[in-house]
Amino acid sequence: MNQTVSYYDEHAEEYCLATLNADMSFCRDKFMACLPAGAHILDAGCGSGRDSKVFMENGFIVIAMDASEKMCTEAEKLLGQDVLSLSFEKMDFQNAFDGIWACASLLHVAKEAINSVMSNLKRALKPGGVLYVSFKYGTRERISRGRLFNDYTEDSLAELLRNCGFSVCDMFITEDVRKTRQGEKWVNAIAKK
C-alpha cells in the first residue's frame, strides 16, 4: 500500500486533472437514491474530491478522506474544507455514516487485507447504512505502474460482501468513463449493513 500511496503523492495533480471531469453520475445517482435527505457520507479514497463536491451540492454532509496527503491537498482546494489524510486500515469510525462511497479506491487494498478493511467500513456505517464500491473487472492481484490493483468479478465481489456481513442490494457492470480507457470494465456494488 505504501508504494501505491507514494504513486498518488507523486502524481496527485496529474491524476486529479485526468479524473476531475469523469462522469460518475450514473453510479452516484444510484447511491444517492438509497440515502435519506441530509445524510452523512464518507468519501473513502476521495481522490480529487469530484464526488464529494456533487454530494455536498445535493445537500449531504460529507467527510472526505484519502491515504495520499497530496491528494488530500488537491481535494481541499476543490471542496473548501479539510480532507482527512487517513488509510482504510487506520480508520476507526463507529456508526458515523449513512453512506460510504468507495469509488475506485478499495481496488488498491491487498486481498490479504480486504476483510479487515471491510470490517472497518462496516463499523463506520450506521445500522442500515449503504456502501458503494467499485473495482476493475477481473480476477488478478497485480502491480501496474507502481500501484497495487485487486480485480473482482460479480461472483467474487458478492462473496466478499456477504462474507463481511453486508447484504448486496445492487450489482452492475460499467465501462470506464474516461475516454482514454474505453473498453475497460468495472464491477460496482451497492450493499447494506
# chains A, B, ... in the order shown; residues from 1 in each chain; ligands from 1
>>> select_by_dssp(residues="stretch 19-175 of chain A", states="helix (DSSP H, G or I)", output="VMD selection string")
chain A and resid 19 25 to 32 50 to 57 69 to 79 88 to 90 106 to 108 111 to 124 154 to 163
>>> write_last_selection(atoms="C-alpha atoms", output="compact mmCIF listing (two decimals), in the first residue's frame")
# COMPACT_ATOMS: atom_id res chain seq x y z
CA THR A 19 -10.30 12.27 -13.33
CA SER A 25 -23.36 10.43 -12.32
CA PHE A 26 -24.90 7.02 -13.14
CA CYS A 27 -23.24 5.38 -10.11
CA ARG A 28 -23.61 8.42 -7.84
CA ASP A 29 -27.33 8.72 -8.62
CA LYS A 30 -27.90 5.06 -7.69
CA PHE A 31 -26.04 5.59 -4.42
CA MET A 32 -27.75 8.88 -3.52
CA ARG A 50 -15.05 15.27 -7.50
CA ASP A 51 -17.78 13.09 -5.97
CA SER A 52 -17.69 14.78 -2.55
CA LYS A 53 -18.42 18.08 -4.30
CA VAL A 54 -21.52 16.65 -6.00
CA PHE A 55 -22.73 15.11 -2.74
CA MET A 56 -22.31 18.45 -0.96
CA GLU A 57 -24.17 20.25 -3.76
CA GLU A 69 -1.56 13.63 1.64
CA LYS A 70 -1.05 15.30 -1.75
CA MET A 71 -4.45 14.08 -2.95
CA CYS A 72 -5.99 15.50 0.22
CA THR A 73 -4.41 18.86 -0.57
CA GLU A 74 -5.85 18.80 -4.10
CA ALA A 75 -9.31 17.78 -2.84
CA GLU A 76 -9.27 20.53 -0.20
CA LYS A 77 -8.80 23.11 -2.97
CA LEU A 78 -11.92 21.84 -4.73
CA LEU A 79 -14.07 21.33 -1.64
CA PHE A 88 -8.58 2.40 5.25
CA GLU A 89 -6.53 0.31 7.65
CA LYS A 90 -6.30 3.12 10.23
CA LEU A 106 -10.67 -0.27 -2.43
CA LEU A 107 -9.14 -1.79 -5.56
CA HIS A 108 -5.76 -0.77 -4.08
CA LYS A 111 -6.55 -9.38 -0.89
CA GLU A 112 -4.94 -10.33 2.43
CA ALA A 113 -6.12 -7.03 3.98
CA ILE A 114 -9.51 -6.57 2.34
CA ASN A 115 -11.59 -8.37 5.01
CA SER A 116 -10.12 -6.19 7.76
CA VAL A 117 -10.74 -3.04 5.73
CA MET A 118 -14.33 -4.11 5.01
CA SER A 119 -14.83 -4.59 8.77
CA ASN A 120 -13.64 -1.02 9.33
CA LEU A 121 -16.10 0.25 6.72
CA LYS A 122 -18.96 -1.77 8.20
CA ARG A 123 -18.20 -0.46 11.69
CA ALA A 124 -18.22 3.11 10.31
CA GLU A 154 -19.65 -10.17 -9.82
CA ASP A 155 -19.30 -13.52 -8.06
CA SER A 156 -16.10 -12.75 -6.16
CA LEU A 157 -17.36 -9.30 -5.10
CA ALA A 158 -20.73 -10.67 -3.96
CA GLU A 159 -18.90 -13.34 -1.96
CA LEU A 160 -16.61 -10.75 -0.36
CA LEU A 161 -19.52 -8.52 0.65
CA ARG A 162 -21.58 -11.42 2.04
CA ASN A 163 -18.61 -12.82 3.96
>>> atom_distance(atom1="atom CA of A:Lys136", atom2="atom CA of A:Pro36")
28.7 Å
>>> residues_around(residues="stretch 92-98 of chain A", least_positions_apart="4", cutoff="6 Å", atoms="only C-alpha atoms", output="number ranges by chain")
A: 39-41, 123-126, 129
>>> write_last_selection(atoms="N, CA and C atoms", output="JSON list (two decimals), in the first residue's frame")
[["chain", "number", "residue", "atom", "x", "y", "z"],
["A", 39, "ALA", "N", -28.10, 13.12, 4.51],
["A", 39, "ALA", "CA", -27.32, 12.01, 5.05],
["A", 39, "ALA", "C", -25.85, 12.38, 5.22],
["A", 40, "HIS", "N", -25.21, 11.70, 6.16],
["A", 40, "HIS", "CA", -23.76, 11.83, 6.37],
["A", 40, "HIS", "C", -23.06, 10.79, 5.51],
["A", 41, "ILE", "N", -22.14, 11.26, 4.65],
["A", 41, "ILE", "CA", -21.42, 10.39, 3.73],
["A", 41, "ILE", "C", -19.92, 10.46, 4.01],
["A", 123, "ARG", "N", -18.13, -1.08, 10.37],
["A", 123, "ARG", "CA", -18.20, -0.46, 11.69],
["A", 123, "ARG", "C", -18.50, 1.04, 11.56],
["A", 124, "ALA", "N", -18.01, 1.67, 10.51],
["A", 124, "ALA", "CA", -18.22, 3.11, 10.31],
["A", 124, "ALA", "C", -19.65, 3.46, 9.91],
["A", 125, "LEU", "N", -20.36, 2.48, 9.34],
["A", 125, "LEU", "CA", -21.73, 2.72, 8.90],
["A", 125, "LEU", "C", -22.72, 2.61, 10.05],
["A", 126, "LYS", "N", -23.75, 3.45, 10.00],
["A", 126, "LYS", "CA", -24.87, 3.30, 10.91],
["A", 126, "LYS", "C", -25.64, 2.02, 10.54],
["A", 129, "GLY", "N", -26.91, 1.33, 7.01],
["A", 129, "GLY", "CA", -26.13, 2.21, 6.15],
["A", 129, "GLY", "C", -25.77, 1.56, 4.83]]
>>> atom_distance(atom1="atom CA of A:Tyr15", atom2="atom CA of A:Asp176")
15.1 Å
>>> closest_residue(among="A:Ile190, A:Ile100, A:Leu35, A:Ile173", to="A:Met65", atoms="only C-alpha atoms")
A:Ile100
>>> closest_residue(among="A:Glu141, A:Glu184, A:Asp66, A:Asp170", to="A:Leu42", atoms="only C-alpha atoms")
A:Asp66
